[in-house]
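One structure is given below, encoded as structure tokens.
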Amino acid sequence: MKAVEITSYGAPDVLRLGERPDPMAGAGELLIRVAASGVNRPDVLQRTGNYPVPPGASDIPGLEVAGIIVSGDAQAMAQAGLKVGDRVCALVAGGGYAEVCVAPVGQCLPVPEGFSDVEAASLPETFFTVWSNVFDRARLQKGETLLIQGGSSGIGVTAIQIAKAMGATVIVTAGSDEKCAACLKIGADHAINYKTTDFAEEVKTLTAGKGVNVILDMVAGSYVAREIGCLAEDGRLVFIAVQGGTKAEFNAGLVLRKRLTITGSTLRPRPIEFKTAIAVALKEKVWPLLASGAIKPVIHGTFAAADAAKAHVLMESNQHIGKIVLTW
């Protein structure tokens, strides 16, 4: 099979299209003939040597794919209601930038009716991440307010739509007026250009001083102190990345007085059983919203797999709104 390989750690041009033996599906797994592969920030971190591959995972980058099942554990597939020839999208721990990819059966979901392979490949990584962190860990409820840092990212556009569908008010930050406008069009109630406005002060204004109930943060660093200041009582702050740095200084007294919860998680190294439980929840609660058109994938652009380096250049430029996808 053809696969995009990381020839050495470094800039995007270290990504090269090479040849690898086709993988084999083991117990509880299936094999997908890949039509499209999602591009995500962890892929960039892996390429630069800053995201070690979990034990047992492929060294080929790529955490989400869409395509057709070509073989697999028949019993496990039958139990999941899947069969050879079905179109699926899947969350994987690696190996997604390839023509053929192994996926745990429990981490596969049917392609929503009417969706293209590109649209389907844009779903798993962000939908699993948002559901696990915003709804499982941070327990966002109907009627609450969610602040999303980086609303125009793949994670952001997903979180906006799911949170709105679940009855929450959504405030986002983004780095330009164009990105703010895009977030509003997708469904955000308010969008703050963090380059021209202090998001913490604006959040206090928008919430009449009460603050937000949940913050989804991929920045950390210097943001943490301001985020704690604009959380409501019993608010929850959840980290999914640390693009702004791992160290933060904040007023711990506010955490005590407002009874705040500070948490976070990474998805890639979690066990299959954990990810399978997320898949079950998504299939029940979110996949019908995709099928009905209430939630729509936001695709910024597609690249041929041979041009994976160009896709990574775009990812690192932070100019994209929504998802970037490779096609085979």
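Residues are referred to by chain and number: the chain letter is A, B, ... according to the order shown in the structure tokens, the number counts from 1 in that chain, and ligands are numbered separately from 1 in the order shown.
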Go through region 101-186 of chain A residue by residue and, counting only C-alpha atoms, keep those with an atom at most 12 Å from region 233-250 of chain A; for each kept residue give the shortest atom pair and its distance in Å to one decimal, ordered by chain and increasing number, as JSON lines.
{"residue": "A:Thr126", "atom": "CA", "partner": "A:Ile240", "partner_atom": "CA", "distance": 11.0}
{"residue": "A:Phe128", "atom": "CA", "partner": "A:Ile240", "partner_atom": "CA", "distance": 12.0}
{"residue": "A:Thr129", "atom": "CA", "partner": "A:Ile240", "partner_atom": "CA", "distance": 8.2}
{"residue": "A:Val130", "atom": "CA", "partner": "A:Ile240", "partner_atom": "CA", "distance": 9.2}
{"residue": "A:Trp131", "atom": "CA", "partner": "A:Ile240", "partner_atom": "CA", "distance": 11.9}
{"residue": "A:Ser132", "atom": "CA", "partner": "A:Ile240", "partner_atom": "CA", "distance": 10.3}
{"residue": "A:Asn133", "atom": "CA", "partner": "A:Val238", "partner_atom": "CA", "distance": 6.8}
{"residue": "A:Val134", "atom": "CA", "partner": "A:Val238", "partner_atom": "CA", "distance": 7.6}
{"residue": "A:Phe135", "atom": "CA", "partner": "A:Val238", "partner_atom": "CA", "distance": 10.6}
{"residue": "A:Asp136", "atom": "CA", "partner": "A:Val238", "partner_atom": "CA", "distance": 10.8}
{"residue": "A:Arg137", "atom": "CA", "partner": "A:Val238", "partner_atom": "CA", "distance": 7.7}
{"residue": "A:Ala138", "atom": "CA", "partner": "A:Arg236", "partner_atom": "CA", "distance": 5.8}
{"residue": "A:Arg139", "atom": "CA", "partner": "A:Arg236", "partner_atom": "CA", "distance": 8.4}
{"residue": "A:Leu140", "atom": "CA", "partner": "A:Arg236", "partner_atom": "CA", "distance": 8.8}
{"residue": "A:Gln141", "atom": "CA", "partner": "A:Gly235", "partner_atom": "CA", "distance": 11.7}
{"residue": "A:Glu144", "atom": "CA", "partner": "A:Gly235", "partner_atom": "CA", "distance": 10.0}
{"residue": "A:Thr145", "atom": "CA", "partner": "A:Gly235", "partner_atom": "CA", "distance": 9.8}
{"residue": "A:Leu146", "atom": "CA", "partner": "A:Arg236", "partner_atom": "CA", "distance": 9.6}
{"residue": "A:Leu147", "atom": "CA", "partner": "A:Leu237", "partner_atom": "CA", "distance": 9.5}
{"residue": "A:Ile148", "atom": "CA", "partner": "A:Val238", "partner_atom": "CA", "distance": 10.2}
{"residue": "A:Gln149", "atom": "CA", "partner": "A:Phe239", "partner_atom": "CA", "distance": 10.1}
{"residue": "A:Gly150", "atom": "CA", "partner": "A:Gln243", "partner_atom": "CA", "distance": 10.9}
{"residue": "A:Ile155", "atom": "CA", "partner": "A:Ile240", "partner_atom": "CA", "distance": 9.8}
{"residue": "A:Gly156", "atom": "CA", "partner": "A:Ile240", "partner_atom": "CA", "distance": 11.6}
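Omitting Gly143 (chain A) and its sequence neighbours fewer than 4 positions away, and counting only C-alpha atoms, the residues within 8 Å are A:Gly167, A:Ala168, A:Thr169.
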Please produce a file of the residues just selected, as a PDB file, in the first residue's frame, where the atoms kept are C-alpha atoms.
ATOM      1  CA  GLY A 167     -29.201  23.532  24.078  1.00  0.00           C
ATOM      2  CA  ALA A 168     -26.152  25.461  25.301  1.00  0.00           C
ATOM      3  CA  THR A 169     -25.173  29.079  24.672  1.00  0.00           C
TER       4      THR A 169
END
Rounded to one decimal in Å, what is the spacing between CA of Trp328 (chain A) and CA of Ala35 (chain A)? 5.2 Å
Pick out the closest residue to Ile160 (chain A) from this set: A:Ala11, A:Ala294, A:Val88, A:Ile6. Count only C-alpha atoms.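 Answer, going by the shortest atom-to-atom distance: A:Ala294.
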Among region 97-183 of chain A, which ones does DSSP assign to helix (DSSP H, G or I) (computed from the backbone)? Answer as a VMD selection string. chain A and resid 105 to 107 117 to 121 124 to 137 154 to 165 177 to 183
Out of A:Ile299, A:Ala279, A:Val203, A:Ala76, which residue has the shortest atom-to-atom distance to Ser152 (chain A) when counting only C-alpha atoms? A:Ile299
With 6 Å as the cut-off and only C-alpha atoms counted, what is the closest atom pair between each nearby residue of region 17-108 of chain A and region 116-123 of chain A? Distances in Å to one decimal, ordered by chain and number, as JSON lines.
{"residue": "A:Ala36", "atom": "CA", "partner": "A:Val118", "partner_atom": "CA", "distance": 5.5}
{"residue": "A:Ser37", "atom": "CA", "partner": "A:Ala121", "partner_atom": "CA", "distance": 5.5}
{"residue": "A:Gly38", "atom": "CA", "partner": "A:Ser122", "partner_atom": "CA", "distance": 5.3}
{"residue": "A:Val65", "atom": "CA", "partner": "A:Ala121", "partner_atom": "CA", "distance": 4.9}
{"residue": "A:Ala66", "atom": "CA", "partner": "A:Ala121", "partner_atom": "CA", "distance": 4.7}
{"residue": "A:Cys89", "atom": "CA", "partner": "A:Ala120", "partner_atom": "CA", "distance": 5.9}
Using only C-alpha atoms, which of A:Gly209, A:Ile68, A:Gly10, A:Asn193 sits nearest Val44 (chain A)?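 Nearest to Val44 (chain A): A:Gly10.
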Can you list, as a PyMOL selection string, every protein, DNA or RNA residue that comes within 12 Å of Glu5 (chain A) when you count only C-alpha atoms, leaving out same-chain residues fewer than 5 positions away? chain A and resi 12-20+43+46-47+58-62+94-98+305-309
Tell me which of A:Ala27, A:Ile171, A:Gln79, A:Asp86 sits closest to Val214 (chain A), counting only C-alpha atoms.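 For Val214 (chain A), the nearest of the candidates is A:Ile171.
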Non-local contacts of Arg41 (chain A) (9 Å; only C-alpha atoms; under 6 positions in same chain excluded) as a list of chain:residue names: A:His312, A:Met315, A:Glu316
Would you save the residues from that selection as a compact mmCIF listing (two decimals), in the first residue's frame, using N, CA and C atoms?
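Done, and the output landed in again-v8.txt:
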# COMPACT_ATOMS: atom_id res chain seq x y z
N HIS A 312 0.00 20.10 5.91
CA HIS A 312 0.60 20.46 7.19
C HIS A 312 1.04 21.92 7.23
N MET A 315 -2.09 23.70 8.05
CA MET A 315 -2.43 23.49 9.45
C MET A 315 -1.60 24.40 10.36
N GLU A 316 -0.32 24.48 10.09
CA GLU A 316 0.58 25.28 10.93
C GLU A 316 0.40 26.77 10.72
Sel. of strand (DSSP E) residues, region 34-233 of chain A, as a PyMOL selection string: chain A and resi 34-39+64-72+87-91+100-104+108-110+145-149+169-174+190-193+212-217+231-233
Give me the residues near region 281-284 of chain A as a list of chain:residue names, where near means some atom within 9 Å (using only C-alpha atoms) and where sequence neighbours in that chain fewer than 3 positions away do not count.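 Listing them by chain and then by number gives A:Leu109, A:Pro110, A:Phe127, A:Phe128, A:Trp131, A:Thr276, A:Ala277, A:Ile278, A:Trp287, A:Pro288.
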Take the residues that were just selected and, keeping C-alpha atoms, output them as a short mmCIF file (atom, residue, chain, number, x, y, z; two decimals), in the first residue's frame.
data_model
loop_
_atom_site.label_atom_id
_atom_site.label_comp_id
_atom_site.auth_asym_id
_atom_site.auth_seq_id
_atom_site.Cartn_x
_atom_site.Cartn_y
_atom_site.Cartn_z
CA LEU A 109 -19.06 4.38 12.99
CA PRO A 110 -21.25 4.18 9.89
CA PHE A 127 -16.29 14.45 17.53
CA PHE A 128 -14.75 11.88 19.89
CA TRP A 131 -17.93 14.55 23.30
CA THR A 276 -15.79 2.43 22.18
CA ALA A 277 -18.01 3.93 24.89
CA ILE A 278 -17.63 7.35 23.25
CA TRP A 287 -25.11 10.74 14.47
CA PRO A 288 -28.87 11.39 14.04
#
Mind pulling up the distance from CA of Val280 (chain A) to CA of Ile321 (chain A)? 28.0 Å
I'd like the contact shell of region 174-180 of chain A - 12 Å cut-off, only C-alpha atoms, skipping same-chain residues fewer than 6 positions apart - returned as a count of residues only. 31
Can you tell me how far CA of Thr207 (chain A) sits from CA of Pro297 (chain A), in Å to one decimal? 28.7 Å
